[in-house]
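Asks: Sharing a structure below in structure tokens format, with a few things to ask.
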Amino acid sequence: MRRDVERELLDELPAADPRAVRARQDLQTVHTWMGTTRIMARLLATTFGDRPPASITELGAGDGTLLLRVAQLLAPRWQRVHVVMVDRQRLVSPKTRAAFESLSWRVESVQADVFDWLERPHATESDVMTANLFLHHFAEADLGRLLRQASDQTGCFLACEPRRNHLSLRAAGLLWLLGCNDVTRHDARISVQAGFTDIELSALWPPGANWRVSERSAGRFSHCFMARRISAVRS
Ligand SMILES: C[S@@+](CC[C@H](N)C(=O)[O-])C[C@H]1O[C@@H](n2cnc3c(N)ncnc32)[C@H](O)[C@@H]1O
């Protein structure tokens, strides 16, 4: 299946539009079906073990509730993590912020275009950058630029994206059965067609011997990518 990137309705609608609000709620249902929370928590746990990163930066974080659920799984062993959530829309609610703080995780939400944010110099490098259902928004040229910029700002990059295959496409066509609205149903199909397979993300990561890169399918409908700077690997 050829990769095809189209604009998603959720990116066009104002944040407060009732269809957008509903679609963001639907995203949680989609994540449940994709198993995103467990996949990302496992990626983080196996990468860092019992030595948690001091900071996690989530690109295209949306309302932050996905990362919150990941944090809730990790918090029994990981404390005082500093979370930075970057999104061009301001979507993180006081309730979500309070839930992070109740885990002793410190939250910073930044409203910015991801390319502008990545281009800025930052006082400290993020220990890990994560992206969930986000990288598929970009065609190859922009995606290559994003990954290059990210590699300058972190020693570890983890992503969980839609897997581009016929099974995922069929599942996207069944979202009406779960009560998902027209925006979610439209965007789910587009997201699968813009998703990833094989080693497409590895091919866009900046070449060099100082990165350990891997990529694979995860769960029924997801595709994971991991890049870790070798000097940052603790054995
Ligand atoms: C499908 S949602 C995923 C949200 C969240 N990661 C999740 O999995 O629930 C994609 C998010 O990317 C954000 N986004 C899209 N393009 C962006 C850009 N260029 N810069 C920053 N955020 C962007 C949108 O505002 C939206 O919140």
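Residue numbering restarts at 1 in every chain; chains get A, B, ... in the order shown in the structure tokens, and ligands count up from 1 in that same order.
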Enumerate residues in contact with ligand 1: an atom-to-atom distance of at most 9 Å, counting only C-alpha atoms and all ligand atoms. Format the result as a ChimeraX atom specification.
Replies: /A:8,10-11,15,24,27-28,31,36,58-67,86-91,111-117,130-138,160-161,187-188,191
Asks: Can you spit out the residues from that selection as a tab-separated table (two decimals), in the first residue's frame, using N, CA and C atoms?
Replies:
```
chain	number	residue	atom	x	y	z
A	8	GLU	N	-5.90	16.16	7.97
A	8	GLU	CA	-6.93	15.54	8.79
A	8	GLU	C	-7.94	16.60	9.26
A	10	LEU	N	-9.44	16.90	12.08
A	10	LEU	CA	-9.20	17.40	13.44
A	10	LEU	C	-8.18	18.54	13.45
A	11	ASP	N	-7.29	18.56	12.46
A	11	ASP	CA	-6.30	19.64	12.39
A	11	ASP	C	-6.90	20.91	11.81
A	15	ALA	N	-10.35	24.19	18.09
A	15	ALA	CA	-10.23	23.27	19.22
A	15	ALA	C	-11.55	23.06	19.95
A	24	ARG	N	-11.66	14.13	19.92
A	24	ARG	CA	-10.55	13.91	20.86
A	24	ARG	C	-10.93	12.87	21.91
A	27	LEU	N	-10.53	9.56	20.34
A	27	LEU	CA	-9.12	9.14	20.25
A	27	LEU	C	-8.75	8.19	21.38
A	28	GLN	N	-9.37	8.41	22.54
A	28	GLN	CA	-9.07	7.52	23.68
A	28	GLN	C	-9.57	6.10	23.38
A	31	HIS	N	-7.14	4.62	20.99
A	31	HIS	CA	-5.92	4.18	21.68
A	31	HIS	C	-6.15	2.86	22.43
A	36	THR	N	-2.17	1.56	22.61
A	36	THR	CA	-1.07	2.53	22.60
A	36	THR	C	-0.46	2.75	23.99
A	58	GLU	N	6.79	15.15	24.80
A	58	GLU	CA	5.85	14.51	23.85
A	58	GLU	C	5.52	15.51	22.76
A	59	LEU	N	5.82	15.14	21.52
A	59	LEU	CA	5.54	16.02	20.37
A	59	LEU	C	4.12	15.74	19.86
A	60	GLY	N	3.35	16.80	19.59
A	60	GLY	CA	1.97	16.61	19.13
A	60	GLY	C	1.17	15.90	20.20
A	61	ALA	N	1.26	16.41	21.43
A	61	ALA	CA	0.72	15.70	22.61
A	61	ALA	C	-0.80	15.73	22.71
A	62	GLY	N	-1.46	16.58	21.92
A	62	GLY	CA	-2.92	16.69	22.01
A	62	GLY	C	-3.32	17.15	23.40
A	63	ASP	N	-4.36	16.50	23.96
A	63	ASP	CA	-4.84	16.93	25.29
A	63	ASP	C	-4.02	16.32	26.43
A	64	GLY	N	-3.02	15.52	26.09
A	64	GLY	CA	-2.11	14.98	27.11
A	64	GLY	C	-2.65	13.78	27.85
A	65	THR	N	-3.86	13.34	27.52
A	65	THR	CA	-4.43	12.24	28.32
A	65	THR	C	-3.77	10.90	28.00
A	66	LEU	N	-3.26	10.74	26.78
A	66	LEU	CA	-2.55	9.49	26.48
A	66	LEU	C	-1.28	9.40	27.34
A	67	LEU	N	-0.50	10.48	27.33
A	67	LEU	CA	0.74	10.45	28.12
A	67	LEU	C	0.43	10.31	29.62
A	86	VAL	N	4.22	19.32	23.77
A	86	VAL	CA	4.22	20.34	22.71
A	86	VAL	C	3.07	20.05	21.75
A	87	ASP	N	2.25	21.06	21.51
A	87	ASP	CA	1.17	20.92	20.52
A	87	ASP	C	0.82	22.31	20.02
A	88	ARG	N	0.39	22.40	18.78
A	88	ARG	CA	0.07	23.74	18.30
A	88	ARG	C	-1.28	24.23	18.81
A	89	GLN	N	-2.06	23.30	19.41
A	89	GLN	CA	-3.30	23.73	20.05
A	89	GLN	C	-3.12	23.64	21.57
A	90	ARG	N	-3.83	24.55	22.28
A	90	ARG	CA	-3.76	24.51	23.75
A	90	ARG	C	-4.89	23.61	24.24
A	91	LEU	N	-4.56	22.38	24.63
A	91	LEU	CA	-5.60	21.40	24.88
A	91	LEU	C	-5.52	20.72	26.26
A	111	GLN	N	2.43	25.65	23.73
A	111	GLN	CA	1.65	25.78	22.50
A	111	GLN	C	2.59	26.30	21.41
A	112	ALA	N	2.92	25.43	20.47
A	112	ALA	CA	3.88	25.82	19.42
A	112	ALA	C	3.79	24.85	18.27
A	113	ASP	N	4.16	25.32	17.10
A	113	ASP	CA	4.34	24.41	15.98
A	113	ASP	C	5.60	23.57	16.28
A	114	VAL	N	5.54	22.30	16.01
A	114	VAL	CA	6.64	21.41	16.40
A	114	VAL	C	7.97	21.82	15.76
A	115	PHE	N	7.92	22.31	14.52
A	115	PHE	CA	9.17	22.67	13.85
A	115	PHE	C	9.80	23.91	14.50
A	116	ASP	N	8.94	24.87	14.88
A	116	ASP	CA	9.46	26.06	15.57
A	116	ASP	C	10.07	25.66	16.90
A	117	TRP	N	9.35	24.78	17.62
A	117	TRP	CA	9.84	24.39	18.96
A	117	TRP	C	11.17	23.64	18.85
A	130	THR	N	8.90	11.59	22.70
A	130	THR	CA	7.93	10.59	22.26
A	130	THR	C	6.97	11.23	21.26
A	131	ALA	N	6.41	10.39	20.40
A	131	ALA	CA	5.39	10.85	19.46
A	131	ALA	C	4.39	9.72	19.30
A	132	ASN	N	3.11	10.04	19.50
A	132	ASN	CA	2.05	9.06	19.35
A	132	ASN	C	1.01	9.59	18.38
A	133	LEU	N	0.70	8.80	17.37
A	133	LEU	CA	-0.26	9.21	16.32
A	133	LEU	C	0.04	10.63	15.85
A	134	PHE	N	1.30	10.93	15.62
A	134	PHE	CA	1.70	12.28	15.25
A	134	PHE	C	2.57	12.33	14.00
A	135	LEU	N	3.57	11.45	13.90
A	135	LEU	CA	4.52	11.52	12.78
A	135	LEU	C	3.83	11.32	11.44
A	136	HIS	N	2.72	10.56	11.46
A	136	HIS	CA	2.06	10.27	10.18
A	136	HIS	C	1.43	11.50	9.55
A	137	HIS	N	1.38	12.63	10.29
A	137	HIS	CA	0.84	13.86	9.72
A	137	HIS	C	1.74	14.42	8.61
A	138	PHE	N	2.99	13.96	8.56
A	138	PHE	CA	3.96	14.65	7.72
A	138	PHE	C	4.45	13.79	6.55
A	160	CYS	N	4.98	5.74	18.38
A	160	CYS	CA	3.97	4.70	18.15
A	160	CYS	C	2.94	5.28	17.18
A	161	GLU	N	2.88	4.72	16.00
A	161	GLU	CA	2.10	5.31	14.90
A	161	GLU	C	1.19	4.25	14.28
A	187	ASP	N	-10.59	10.67	9.78
A	187	ASP	CA	-9.16	10.82	10.09
A	187	ASP	C	-8.48	9.46	10.30
A	188	ALA	N	-9.24	8.48	10.78
A	188	ALA	CA	-8.64	7.16	11.02
A	188	ALA	C	-8.20	6.54	9.69
A	191	SER	N	-5.23	8.41	8.46
A	191	SER	CA	-4.05	8.14	9.30
A	191	SER	C	-3.40	6.81	8.93
```
Asks: Which residues come within 8 Å of A:Val213, counting only C-alpha atoms, excluding same-chain residues fewer than 6 positions away, as an MDAnalysis selection string?
Replies: chainID A and resid 202 225:228
Asks: Kindly save the residues from that selection, with N, CA and C atoms included, as an mmCIF file, in the first residue's frame.
Replies:
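Output file again_32.cif follows:
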```
data_model
loop_
_atom_site.group_PDB
_atom_site.id
_atom_site.type_symbol
_atom_site.label_atom_id
_atom_site.label_comp_id
_atom_site.auth_asym_id
_atom_site.auth_seq_id
_atom_site.Cartn_x
_atom_site.Cartn_y
_atom_site.Cartn_z
ATOM 1 N N SER A 202 13.141 4.535 10.046
ATOM 2 C CA SER A 202 14.606 4.374 10.193
ATOM 3 C C SER A 202 15.323 5.013 9.008
ATOM 4 N N PHE A 225 8.789 2.906 16.446
ATOM 5 C CA PHE A 225 10.136 3.290 16.021
ATOM 6 C C PHE A 225 10.920 3.703 17.261
ATOM 7 N N MET A 226 12.169 3.270 17.339
ATOM 8 C CA MET A 226 13.038 3.619 18.475
ATOM 9 C C MET A 226 14.407 4.014 17.966
ATOM 10 N N ALA A 227 14.937 5.115 18.473
ATOM 11 C CA ALA A 227 16.311 5.510 18.149
ATOM 12 C C ALA A 227 16.972 5.914 19.461
ATOM 13 N N ARG A 228 18.161 5.377 19.716
ATOM 14 C CA ARG A 228 18.861 5.707 20.965
ATOM 15 C C ARG A 228 20.322 5.983 20.658
#
```
Asks: What parts of stretch 35-158 of chain A does DSSP call strand (DSSP E or B)? I'd like the answer as a PyMOL selection string.
Replies: chain A and resi 55-59+82-87+106-111+126+128-132+154+156-158
Asks: Of the residues A:Cys224, A:Asn181, A:Pro52, A:Glu125, which is the one nearest to A:Ile199, using only C-alpha atoms?
Replies: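 Of the candidates, the smallest distance to A:Ile199 is held by A:Cys224.
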Asks: Taking the DSSP assignment computed from this structure's backbone, write out as an MDAnalysis selection string all residues of stretch 21-65 of chain A that belong to alpha helix (DSSP H).
Replies: chainID A and resid 21:34 36:48 65
Asks: Of the residues A:Gly144, A:Asp198, A:Leu169, A:Asp50, which is the one nearest to A:His186, using only C-alpha atoms?
Replies: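 Closest to A:His186 of all the choices is A:Leu169.
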Asks: Go through stretch 97-161 of chain A residue by residue and, counting only C-alpha atoms, keep those with an atom at most 9 Å from stretch 73-78 of chain A; for each kept residue give the shortest atom pair and its distance in Å to one decimal, ordered by chain and increasing number, as a Markdown table.
Replies:
```
| residue | atom | partner | partner_atom | distance |
| --- | --- | --- | --- | --- |
| A:Leu103 | CA | A:Ala75 | CA | 6.3 |
| A:Ser104 | CA | A:Ala75 | CA | 8.4 |
| A:Trp105 | CA | A:Ala75 | CA | 8.3 |
```
Asks: Could you write those residues out with N, CA and C atoms, as a tab-separated table (two decimals), in the first residue's frame?
Replies:
```
chain	number	residue	atom	x	y	z
A	103	LEU	N	0.81	12.47	40.64
A	103	LEU	CA	1.82	11.39	40.51
A	103	LEU	C	3.21	11.90	40.86
A	104	SER	N	3.29	13.20	41.23
A	104	SER	CA	4.57	13.90	41.45
A	104	SER	C	5.35	14.08	40.15
A	105	TRP	N	4.63	14.14	39.02
A	105	TRP	CA	5.26	14.45	37.74
A	105	TRP	C	4.98	15.92	37.45
```
Asks: Nearest to A:Ala98: which of A:Arg42, A:Val84, A:Leu143, A:Leu68 is it, counting only C-alpha atoms?
Replies: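 Distance minimum relative to A:Ala98 lands on A:Leu68.
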Asks: My list of candidates is A:Phe48, A:Trp205, A:Trp33, A:Trp211. Which is closest to A:Asp142 when distances are computed with only C-alpha atoms?
Replies: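 Closest candidate: A:Trp205.
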Asks: Skipping near chain neighbours, those fewer than 6 positions away, what residues fall within 8 Å of A:His82 using only C-alpha atoms, listed as JSON, numbers by chain?
Replies: {"A": [54, 55, 56, 105, 106, 107, 108]}
Asks: Selection from above, C-alpha atoms, as a PDB file, in the first residue's frame, can you write it?
Replies:
```pdb
ATOM      1  CA  ALA A  54      14.447  13.083  34.164  1.00  0.00           C
ATOM      2  CA  SER A  55      12.389  14.512  31.291  1.00  0.00           C
ATOM      3  CA  ILE A  56       9.963  13.294  28.636  1.00  0.00           C
ATOM      4  CA  TRP A 105       5.256  14.446  37.738  1.00  0.00           C
ATOM      5  CA  ARG A 106       5.851  18.076  36.756  1.00  0.00           C
ATOM      6  CA  VAL A 107       4.004  19.261  33.645  1.00  0.00           C
ATOM      7  CA  GLU A 108       4.825  21.973  31.170  1.00  0.00           C
TER       8      GLU A 108
END
```
Asks: Might you pull out every residue within 9 Å of A:Ser222, with only C-alpha atoms counted and same-chain residues fewer than 5 positions away left off, and present them as a list in words?
Replies: Met34, Gly35, Thr36, Ile39, Cys160, Glu161, Pro162, Arg163, Arg164, Ser168, Gly195, Phe196, Arg216 and Ser217 of chain A
Asks: Measuring between only C-alpha atoms, which one of A:Glu12, A:Glu6, A:Asp26, A:Asp17 shows the shortest distance to A:Leu178?
Replies: A:Asp26
Asks: Using only C-alpha atoms, can you tell me which of A:Ser126, A:Ala20, A:His166, A:Gly179 comes closest to A:Gln193?
Replies: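 Closest residue, counting only C-alpha atoms: A:His166.
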Asks: To one decimal place in Å, what is the distance between atom CA of A:Cys156 and atom CA of A:Thr46?
Replies: 12.5 Å
